[in-house]
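The file start10.cif contains mmCIF, C-alpha atoms:
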```cif
data_start
loop_
_atom_site.label_atom_id
_atom_site.label_comp_id
_atom_site.auth_asym_id
_atom_site.auth_seq_id
_atom_site.Cartn_x
_atom_site.Cartn_y
_atom_site.Cartn_z
CA MET A 205 -53.85 -57.98 -37.66
CA ASN A 206 -55.57 -54.68 -36.86
CA ARG A 207 -53.25 -51.78 -37.47
CA LEU A 208 -53.07 -48.96 -34.94
CA PHE A 209 -52.85 -46.46 -37.80
CA PRO A 210 -52.17 -46.68 -41.53
CA VAL A 211 -48.53 -46.26 -42.50
CA LEU A 212 -47.11 -44.71 -45.65
CA GLY A 213 -43.50 -43.97 -46.55
CA GLY A 214 -42.20 -45.03 -43.15
CA LEU A 215 -44.18 -42.42 -41.19
CA SER A 216 -47.54 -42.66 -39.47
CA LEU A 217 -50.56 -40.99 -41.06
CA TRP A 218 -54.10 -40.60 -39.81
CA GLY A 219 -57.12 -41.61 -41.83
CA CYS A 220 -59.65 -39.37 -40.14
CA VAL A 221 -60.09 -35.76 -39.14
CA LEU A 222 -58.31 -35.00 -35.87
CA PRO A 223 -60.52 -34.22 -32.89
CA ALA A 224 -60.78 -30.68 -31.58
CA ASP A 225 -58.87 -31.62 -28.45
CA GLU A 226 -55.10 -32.05 -28.55
CA PRO A 227 -54.21 -35.56 -29.76
CA THR A 228 -52.63 -38.00 -27.33
CA GLY A 229 -49.75 -40.29 -28.15
CA LEU A 230 -45.99 -40.72 -28.07
CA GLU A 231 -43.50 -38.01 -28.92
CA LEU A 232 -40.23 -39.82 -29.52
CA SER A 233 -36.65 -38.60 -29.51
CA TRP A 234 -33.32 -40.36 -29.40
CA ARG A 235 -29.57 -39.96 -29.36
CA PHE A 236 -26.49 -42.20 -29.46
CA VAL A 237 -23.77 -42.36 -26.83
CA GLU A 238 -20.30 -43.86 -27.20
CA VAL A 239 -19.62 -46.80 -24.92
CA ASN A 240 -15.83 -47.06 -24.69
CA THR A 241 -14.92 -46.00 -21.14
CA VAL A 242 -11.12 -46.38 -21.14
CA ASP A 243 -10.82 -42.63 -20.43
CA GLY A 244 -13.72 -42.66 -17.98
CA GLU A 245 -17.41 -41.99 -18.47
CA GLU A 246 -16.82 -38.26 -18.92
CA ALA A 247 -15.02 -39.04 -22.20
CA GLN A 248 -18.06 -40.72 -23.76
CA ARG A 249 -19.26 -38.41 -26.52
CA LEU A 250 -22.62 -38.00 -28.22
CA ARG A 251 -22.60 -39.29 -31.79
CA SER A 252 -24.66 -37.95 -34.67
CA CYS A 253 -26.70 -40.39 -36.76
CA GLU A 254 -23.93 -40.37 -39.36
CA GLY A 255 -21.24 -40.67 -36.72
CA GLY A 256 -22.94 -43.72 -35.23
CA GLN A 257 -23.67 -45.16 -38.69
CA MET A 258 -27.37 -45.26 -37.83
CA HIS A 259 -29.87 -45.43 -40.69
CA GLU A 260 -33.31 -45.96 -39.15
CA VAL A 261 -35.09 -46.25 -35.82
CA VAL A 262 -38.03 -48.66 -35.90
CA PHE A 263 -40.86 -48.79 -33.35
CA SER A 264 -43.15 -51.84 -33.21
CA ILE A 265 -46.11 -50.94 -31.00
CA THR A 266 -48.75 -53.31 -29.64
CA ASP A 267 -51.79 -52.52 -27.51
CA THR A 268 -51.25 -54.48 -24.28
CA SER A 269 -55.01 -55.00 -23.92
CA ASP A 270 -55.46 -56.22 -27.51
CA ALA A 271 -52.50 -57.94 -29.18
CA GLU A 272 -54.26 -57.78 -32.55
CA ARG A 273 -53.85 -54.00 -32.54
CA THR A 274 -50.25 -53.60 -33.59
CA ASP A 275 -48.25 -51.54 -36.05
CA THR A 276 -44.71 -50.64 -37.04
CA PHE A 277 -43.38 -47.12 -37.51
CA ARG A 278 -40.07 -46.53 -39.29
CA TYR A 279 -38.19 -43.23 -38.98
CA PRO A 280 -35.02 -42.02 -40.68
CA CYS A 281 -32.51 -41.59 -37.90
CA ALA A 282 -32.33 -37.80 -38.18
CA TYR A 283 -36.11 -37.43 -37.92
CA GLY A 284 -36.25 -37.79 -34.15
CA PHE A 285 -32.61 -37.21 -33.21
CA GLN A 286 -32.21 -34.56 -30.51
CA THR A 287 -29.36 -33.40 -28.33
CA PRO A 288 -30.20 -32.91 -24.63
CA THR A 289 -30.59 -29.16 -25.24
CA GLU A 290 -32.89 -29.71 -28.22
CA PHE A 291 -34.98 -32.15 -26.17
CA GLN A 292 -35.50 -29.49 -23.51
CA THR A 293 -36.37 -26.69 -25.94
CA GLU A 294 -37.93 -28.23 -29.07
CA SER A 295 -40.59 -30.76 -30.02
CA SER A 296 -39.52 -33.87 -31.87
CA ASP A 297 -40.86 -34.52 -35.37
CA ALA A 298 -41.43 -38.16 -34.43
CA PHE A 299 -44.97 -38.34 -33.06
CA ILE A 300 -47.38 -41.29 -33.08
CA GLU A 301 -51.00 -40.57 -32.20
CA LEU A 302 -52.32 -43.22 -29.79
CA LYS A 303 -55.28 -43.56 -27.47
CA PRO A 304 -54.57 -43.36 -23.73
CA ARG A 305 -53.77 -46.89 -22.60
CA GLY A 306 -50.80 -49.23 -22.20
CA TYR A 307 -48.57 -50.31 -25.08
CA GLU A 308 -45.62 -52.64 -25.59
CA VAL A 309 -42.90 -50.92 -27.59
CA LEU A 310 -40.08 -52.78 -29.33
CA ILE A 311 -37.28 -50.58 -30.69
CA ASP A 312 -34.86 -51.71 -33.39
CA LEU A 313 -31.85 -49.75 -34.61
CA VAL A 314 -30.88 -50.17 -38.26
CA SER A 315 -27.24 -49.36 -38.98
CA THR A 316 -25.18 -49.54 -42.15
CA ASP A 317 -21.98 -51.58 -42.35
CA VAL A 318 -18.90 -50.62 -44.35
CA ASP A 319 -20.03 -52.82 -47.26
CA GLY A 320 -23.47 -51.15 -47.35
CA ALA A 321 -25.27 -54.04 -45.63
CA GLN A 322 -27.93 -53.12 -43.09
CA ILE A 323 -27.67 -54.53 -39.58
CA VAL A 324 -30.70 -54.59 -37.27
CA ARG A 325 -30.23 -54.57 -33.48
CA ARG A 326 -32.98 -54.82 -30.89
CA ALA A 327 -32.32 -51.87 -28.59
CA ARG A 328 -35.32 -51.80 -26.21
CA ASN A 329 -38.41 -53.72 -25.19
CA ILE A 330 -40.53 -51.54 -22.90
CA GLU A 331 -44.11 -50.90 -21.81
CA VAL A 332 -45.45 -47.35 -21.99
CA ASP A 333 -48.65 -45.83 -20.62
CA VAL A 334 -49.94 -43.13 -22.95
CA LEU A 335 -51.32 -40.27 -20.85
CA GLU A 336 -54.71 -38.64 -21.18
CA ARG A 337 -55.02 -35.00 -22.27
CA SER A 338 -51.31 -34.61 -23.03
CA VAL A 339 -48.48 -35.91 -25.17
CA THR A 340 -46.36 -38.66 -23.59
CA LEU A 341 -42.65 -37.91 -24.06
CA GLN A 342 -40.24 -40.79 -24.57
CA ASP A 343 -36.55 -39.89 -24.74
CA PHE A 344 -33.96 -42.58 -25.45
CA ASP A 345 -30.19 -42.67 -24.95
CA PHE A 346 -28.97 -45.56 -27.06
CA GLY A 347 -25.46 -46.84 -26.48
CA LEU A 348 -23.50 -47.75 -29.56
CA GLU A 349 -22.60 -51.41 -29.92
CA PRO A 350 -18.81 -51.69 -29.42
CA VAL A 351 -16.94 -53.85 -31.90
CA GLU A 352 -13.54 -55.52 -32.14
CA VAL A 353 -10.81 -54.11 -34.34
CA THR A 354 -7.81 -56.14 -35.43
CA LEU A 355 -4.59 -54.57 -36.69
CA SER A 356 -1.85 -56.51 -38.46
CA LEU A 357 1.48 -54.69 -38.50
CA ALA A 358 3.80 -55.63 -41.34
CA GLY A 359 7.29 -54.28 -41.96
CA LEU A 360 8.34 -54.25 -38.30
CA ASP A 361 11.81 -55.42 -39.33
CA ALA A 362 12.32 -52.28 -41.43
CA CYS A 363 11.97 -49.62 -38.71
CA ASP A 364 13.22 -48.64 -35.28
CA ALA A 365 10.15 -47.04 -33.68
CA PHE A 366 6.53 -46.30 -34.54
CA ALA A 367 3.53 -44.58 -33.00
CA LEU A 368 -0.21 -44.93 -33.71
CA THR A 369 -2.93 -42.37 -32.96
CA LEU A 370 -6.61 -43.10 -33.57
CA ARG A 371 -8.66 -39.93 -34.09
CA TYR A 372 -12.03 -38.98 -35.54
CA ALA A 373 -11.96 -38.50 -39.32
CA ASP A 374 -14.36 -35.54 -39.06
CA PRO A 375 -15.45 -34.58 -35.53
CA GLU A 376 -17.99 -32.05 -36.80
CA ARG A 377 -19.89 -34.71 -38.74
CA ALA A 378 -19.32 -37.58 -36.29
CA LEU A 379 -20.29 -35.84 -33.06
CA ALA A 380 -23.57 -34.14 -32.22
CA GLU A 381 -21.78 -31.75 -29.87
CA PRO A 382 -18.12 -31.62 -31.00
CA PRO A 383 -15.62 -29.87 -28.72
CA ARG A 384 -14.68 -26.34 -29.77
CA THR A 385 -11.77 -24.00 -29.26
CA ASP A 386 -12.07 -20.81 -27.24
CA GLY A 387 -12.77 -19.08 -30.55
CA GLY A 388 -15.76 -21.33 -31.24
CA THR A 389 -14.31 -23.44 -34.04
CA VAL A 390 -14.61 -27.24 -33.96
CA VAL A 391 -11.48 -29.11 -32.88
CA THR A 392 -10.58 -30.87 -36.12
CA GLU A 393 -7.85 -33.22 -34.87
CA LEU A 394 -9.53 -34.95 -31.95
CA VAL A 395 -8.05 -38.13 -30.48
CA TYR A 396 -10.68 -40.84 -29.94
CA ARG A 397 -9.33 -41.97 -26.54
CA GLU A 398 -6.20 -40.77 -24.74
CA ARG A 399 -5.57 -44.08 -22.95
CA LEU A 400 -6.59 -46.48 -25.70
CA GLU A 401 -4.20 -49.30 -26.51
CA THR A 402 -4.30 -52.73 -28.09
CA MET A 403 -4.64 -55.81 -25.94
CA GLN A 404 -0.96 -56.44 -26.75
CA GLY A 405 0.06 -53.15 -25.13
CA VAL A 406 0.61 -50.83 -28.10
CA SER A 407 -0.74 -47.31 -27.62
CA LEU A 408 -3.36 -45.91 -30.01
CA ALA A 409 -2.96 -42.41 -28.61
CA GLY A 410 0.53 -41.54 -29.85
CA GLY A 411 2.74 -43.47 -27.45
CA GLU A 412 5.94 -44.67 -29.14
CA SER A 413 6.68 -48.39 -29.49
CA SER A 414 9.82 -50.25 -30.52
CA CYS A 415 9.53 -52.00 -33.88
CA GLY A 416 11.77 -54.81 -32.66
CA ASP A 417 9.69 -55.51 -29.55
CA ALA A 418 6.14 -55.11 -30.88
CA PRO A 419 4.08 -58.14 -31.95
CA ALA A 420 2.61 -58.17 -35.44
CA GLU A 421 -1.01 -58.99 -34.52
CA HIS A 422 -3.09 -56.65 -32.38
CA THR A 423 -6.67 -56.56 -31.10
CA VAL A 424 -8.66 -53.64 -29.74
CA ALA A 425 -11.59 -55.14 -27.88
CA GLU A 426 -14.04 -52.22 -27.75
CA VAL A 427 -14.21 -49.48 -30.35
CA ASP A 428 -17.30 -47.43 -31.19
CA PRO A 429 -18.21 -47.83 -34.87
CA GLY A 430 -17.37 -44.84 -37.03
CA ALA A 431 -14.96 -43.22 -39.46
CA TYR A 432 -11.45 -42.63 -38.11
CA ILE A 433 -7.98 -41.67 -39.18
CA LEU A 434 -5.05 -43.69 -37.85
CA ASP A 435 -1.97 -41.46 -37.75
CA VAL A 436 1.00 -43.77 -38.30
CA SER A 437 4.40 -42.35 -37.45
CA VAL A 438 7.41 -44.47 -38.48
CA ASP A 439 10.84 -43.23 -37.38
CA GLY A 440 9.42 -39.71 -37.20
CA VAL A 441 7.64 -39.75 -40.59
CA LEU A 442 3.87 -39.25 -40.26
CA CYS A 443 1.25 -40.85 -42.51
CA PRO A 444 -2.52 -40.55 -41.89
CA VAL A 445 -4.43 -43.72 -42.88
CA ASP A 446 -8.22 -43.90 -43.27
CA LEU A 447 -9.72 -46.50 -40.94
CA THR A 448 -13.46 -47.19 -40.98
CA VAL A 449 -14.97 -49.32 -38.22
CA GLY A 450 -18.35 -50.82 -39.10
CA PRO A 451 -21.01 -52.37 -36.85
CA SER A 452 -19.56 -55.82 -37.57
CA GLY A 453 -15.98 -54.83 -36.71
CA ALA A 454 -12.90 -54.13 -38.76
CA GLU A 455 -9.66 -55.76 -39.88
CA HIS A 456 -6.77 -53.64 -41.13
CA VAL A 457 -3.24 -54.34 -42.32
CA ILE A 458 -0.71 -51.56 -41.75
CA ASP A 459 2.56 -52.04 -43.63
CA LEU A 460 5.03 -49.87 -41.77
CA ALA A 461 7.59 -50.30 -44.55
CA ASN A 462 5.21 -49.31 -47.34
CA LEU A 463 2.74 -46.73 -46.08
CA PRO A 464 0.27 -45.15 -48.57
CA CYS A 465 1.88 -41.74 -48.00
CA ASP A 466 5.33 -42.93 -49.19
CA GLY A 467 6.65 -41.39 -52.37
#
```
Please express the file's structure as structure tokens.
Amino acid sequence: MNRLFPVLGGLSLWGCVLPADEPTGLELSWRFVEVNTVDGEEAQRLRSCEGGQMHEVVFSITDTSDAERTDTFRYPCAYGFQTPTEFQTESSDAFIELKPRGYEVLIDLVSTDVDGAQIVRRARNIEVDVLERSVTLQDFDFGLEPVEVTLSLAGLDACDAFALTLRYADPERALAEPPRTDGGTVVTELVYRERLETMQGVSLAGGESSCGDAPAEHTVAEVDPGAYILDVSVDGVLCPVDLTVGPSGAEHVIDLANLPCDG
């Protein structure tokens, strides 16, 4: 295999003196968009690398005219992450010098599950023509991979009514562009989706349910991975419960008769 360029420490390096002319190649940037659309597309927010649980973005590049010329470039997620405003006003740090010609580009996203395991997902397989005399910009909106969340409700026989609200644990860390108040401060208690409910009909946005009528087992089909707080209100008593959703999904047991805030 003939490498396109030598690689060290996950970033591309060049083994020769750069020419006097501006180098050609790919300037890469990326961002991550939520995919749950229960509140409509306008409710889909932009996640940070941490908020999307993304660890690395990996580019495998092959010269389409010579398959032996191939190389892999690994970037920490934050290295090329840009909001739309940053993309319009700043250069990305992720740049790969390439000669003007066509290339096949495979893009893998490496995320971290709740147990620390890394999960690799193929995000794109594209062909790119590197331009002459200028940098070729490649900007990627990657959708998060939605996962299934299961909730088991225990203690339903010990209460009259309950309500569940799923919100971001820390909107400022989770979102690249968190909503702000008129005074400019980040909204700290931000509901994930206003119309979200389990497939069994229980609201996850604060709607009250009868303990006697609610089933014990619940499934939420599409949740964006991330760190959340599930506000559990039982007969008017509120208890926030940490709920982390990893790239492989999540299973949680909520004992309404013995919440962690009791006592």
- Task: Apply the PyMOL selection byres ((chain A and resi 279-287) around 8) to the structure shown and report the selected residues as a list in words.
- Result: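 Selection result, ordered by chain and number: Gly214, Leu215, Leu232, Ser233, Trp234, Arg235, Cys253, Met258, His259, Glu260, Val261, Val262, Phe277, Arg278, Pro288, Thr289, Glu290, Phe291, Ser296, Asp297, Ala298, Ala380 and Glu381 of chain A.
The closest residue to A:Leu400, picked from A:Val318, A:Val438, A:Val237, A:Ala247 and counting all atoms listed in the file, is A:Ala247.
Shortest separation to A:Ser269 among A:Glu401, A:Asp319, A:Glu331, A:Asp312 occurs at residue A:Glu331, atoms counted being all atoms listed in the file.
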- Please evaluate the PyMOL selection byres ((chain A and resi 399) around 10) against the displayed coordinates and give the resulting residues as a PyMOL selection string. chain A and resi 241-244+395-398+400-401+407-411
Pull C-alpha atoms from the residues just selected and write them as a PDB file, in the coordinates of the input.
```
ATOM      1  CA  THR A 241     -14.920 -46.000 -21.140  1.00  0.00           C
ATOM      2  CA  VAL A 242     -11.120 -46.380 -21.140  1.00  0.00           C
ATOM      3  CA  ASP A 243     -10.820 -42.630 -20.430  1.00  0.00           C
ATOM      4  CA  GLY A 244     -13.720 -42.660 -17.980  1.00  0.00           C
ATOM      5  CA  VAL A 395      -8.050 -38.130 -30.480  1.00  0.00           C
ATOM      6  CA  TYR A 396     -10.680 -40.840 -29.940  1.00  0.00           C
ATOM      7  CA  ARG A 397      -9.330 -41.970 -26.540  1.00  0.00           C
ATOM      8  CA  GLU A 398      -6.200 -40.770 -24.740  1.00  0.00           C
ATOM      9  CA  LEU A 400      -6.590 -46.480 -25.700  1.00  0.00           C
ATOM     10  CA  GLU A 401      -4.200 -49.300 -26.510  1.00  0.00           C
ATOM     11  CA  SER A 407      -0.740 -47.310 -27.620  1.00  0.00           C
ATOM     12  CA  LEU A 408      -3.360 -45.910 -30.010  1.00  0.00           C
ATOM     13  CA  ALA A 409      -2.960 -42.410 -28.610  1.00  0.00           C
ATOM     14  CA  GLY A 410       0.530 -41.540 -29.850  1.00  0.00           C
ATOM     15  CA  GLY A 411       2.740 -43.470 -27.450  1.00  0.00           C
TER      16      GLY A 411
END
```
- Mind pulling up the distance from atom CA of A:Pro464 to atom CA of A:Pro444?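 Atom CA of A:Pro464 lies at a distance of 8.6 Å from atom CA of A:Pro444.
Across A:Leu313, A:Leu230, A:Val441, A:Ile323, the tightest approach to A:Asp343 is made by A:Leu230 when counting all atoms listed in the file.
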Selected by the PyMOL selection byres ((chain A and resi 360) around 10) in the shown coordinates: which residues, as a PDB file with C-alpha atoms, keeping the file's coordinate frame?
```
ATOM      1  CA  LEU A 357       1.480 -54.690 -38.500  1.00  0.00           C
ATOM      2  CA  ALA A 358       3.800 -55.630 -41.340  1.00  0.00           C
ATOM      3  CA  GLY A 359       7.290 -54.280 -41.960  1.00  0.00           C
ATOM      4  CA  ASP A 361      11.810 -55.420 -39.330  1.00  0.00           C
ATOM      5  CA  ALA A 362      12.320 -52.280 -41.430  1.00  0.00           C
ATOM      6  CA  CYS A 363      11.970 -49.620 -38.710  1.00  0.00           C
ATOM      7  CA  ASP A 364      13.220 -48.640 -35.280  1.00  0.00           C
ATOM      8  CA  ALA A 365      10.150 -47.040 -33.680  1.00  0.00           C
ATOM      9  CA  PHE A 366       6.530 -46.300 -34.540  1.00  0.00           C
ATOM     10  CA  SER A 414       9.820 -50.250 -30.520  1.00  0.00           C
ATOM     11  CA  CYS A 415       9.530 -52.000 -33.880  1.00  0.00           C
ATOM     12  CA  GLY A 416      11.770 -54.810 -32.660  1.00  0.00           C
ATOM     13  CA  ASP A 417       9.690 -55.510 -29.550  1.00  0.00           C
ATOM     14  CA  ALA A 418       6.140 -55.110 -30.880  1.00  0.00           C
ATOM     15  CA  PRO A 419       4.080 -58.140 -31.950  1.00  0.00           C
ATOM     16  CA  ALA A 420       2.610 -58.170 -35.440  1.00  0.00           C
ATOM     17  CA  VAL A 438       7.410 -44.470 -38.480  1.00  0.00           C
ATOM     18  CA  ASP A 459       2.560 -52.040 -43.630  1.00  0.00           C
ATOM     19  CA  LEU A 460       5.030 -49.870 -41.770  1.00  0.00           C
ATOM     20  CA  ALA A 461       7.590 -50.300 -44.550  1.00  0.00           C
TER      21      ALA A 461
END
```
Kindly list the centre and edge lengths in Å, rounded to one decimal, for the axis-aligned box that covers all listed atoms of stretch 385-400 of chain A plus 5 Å on each of its six sides, as lines of an AutoDock Vina configuration file.
```
center_x = -10.7
center_y = -32.8
center_z = -29.5
size_x = 20.2
size_y = 37.4
size_z = 23.2
```
- A:Glu226, A:Glu231, A:Glu308, A:Asp275 ranked by distance to A:Gln342, top pick (using all atoms listed in the file):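 Ranked by minimum distance to A:Gln342, first place goes to A:Glu231.
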- Query: How many Å lie between atom CA of A:Val353 and atom CA of A:Gly440, rounded to one decimal?
  - Reply: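 Atom CA of A:Val353 sits 25.0 Å away from atom CA of A:Gly440.
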- Message: What's the separation between atom CA of A:Val332 and atom CA of A:Glu238, in Å to one decimal place?
- Response: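 Value for the atom CA of A:Val332-atom CA of A:Glu238 distance: 25.9 Å.
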- Message: Show me the residues around (-54.5, -45.8, -27.6) - criterion: an atom at most 9 Å away, all atoms listed in the file counted - as an NGL selection string.
- Response: :A and (208 or 228-229 or 267 or 301-307 or 334)
Might you pull out every residue within 8 Å of A:Thr354, with all atoms listed in the file counted and same-chain residues fewer than 3 positions away left off, and present them as a CSV table (one decimal) with C-alpha atoms, in the coordinates of the input?
```
chain,number,residue,atom,x,y,z
A,421,GLU,CA,-1.0,-59.0,-34.5
A,422,HIS,CA,-3.1,-56.6,-32.4
A,423,THR,CA,-6.7,-56.6,-31.1
A,424,VAL,CA,-8.7,-53.6,-29.7
A,454,ALA,CA,-12.9,-54.1,-38.8
A,455,GLU,CA,-9.7,-55.8,-39.9
A,456,HIS,CA,-6.8,-53.6,-41.1
```
- Message: When you count only C-alpha atoms, which of these residues is closest to A:Ala378: A:Glu349, A:Asp270, A:Arg328, A:Asp428?
- Response: A:Asp428
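Each of A:Val339, A:Val406, A:Ala373, A:Leu355 was compared to A:Gly453 using all atoms listed in the file, and A:Leu355 turns out to be the nearest.
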For A:Pro383, please output as a compact mmCIF listing (two decimals) with C-alpha atoms, keeping the file's coordinate frame all residues within 10 Å (counting only C-alpha atoms; exclusion window: fewer than 5 positions along the same chain).
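The resulting file, selection_23.txt, is reproduced below:
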```
# COMPACT_ATOMS: atom_id res chain seq x y z
CA ARG A 249 -19.26 -38.41 -26.52
CA PRO A 375 -15.45 -34.58 -35.53
CA GLU A 376 -17.99 -32.05 -36.80
CA GLY A 388 -15.76 -21.33 -31.24
CA THR A 389 -14.31 -23.44 -34.04
CA VAL A 390 -14.61 -27.24 -33.96
CA VAL A 391 -11.48 -29.11 -32.88
CA THR A 392 -10.58 -30.87 -36.12
CA LEU A 394 -9.53 -34.95 -31.95
```
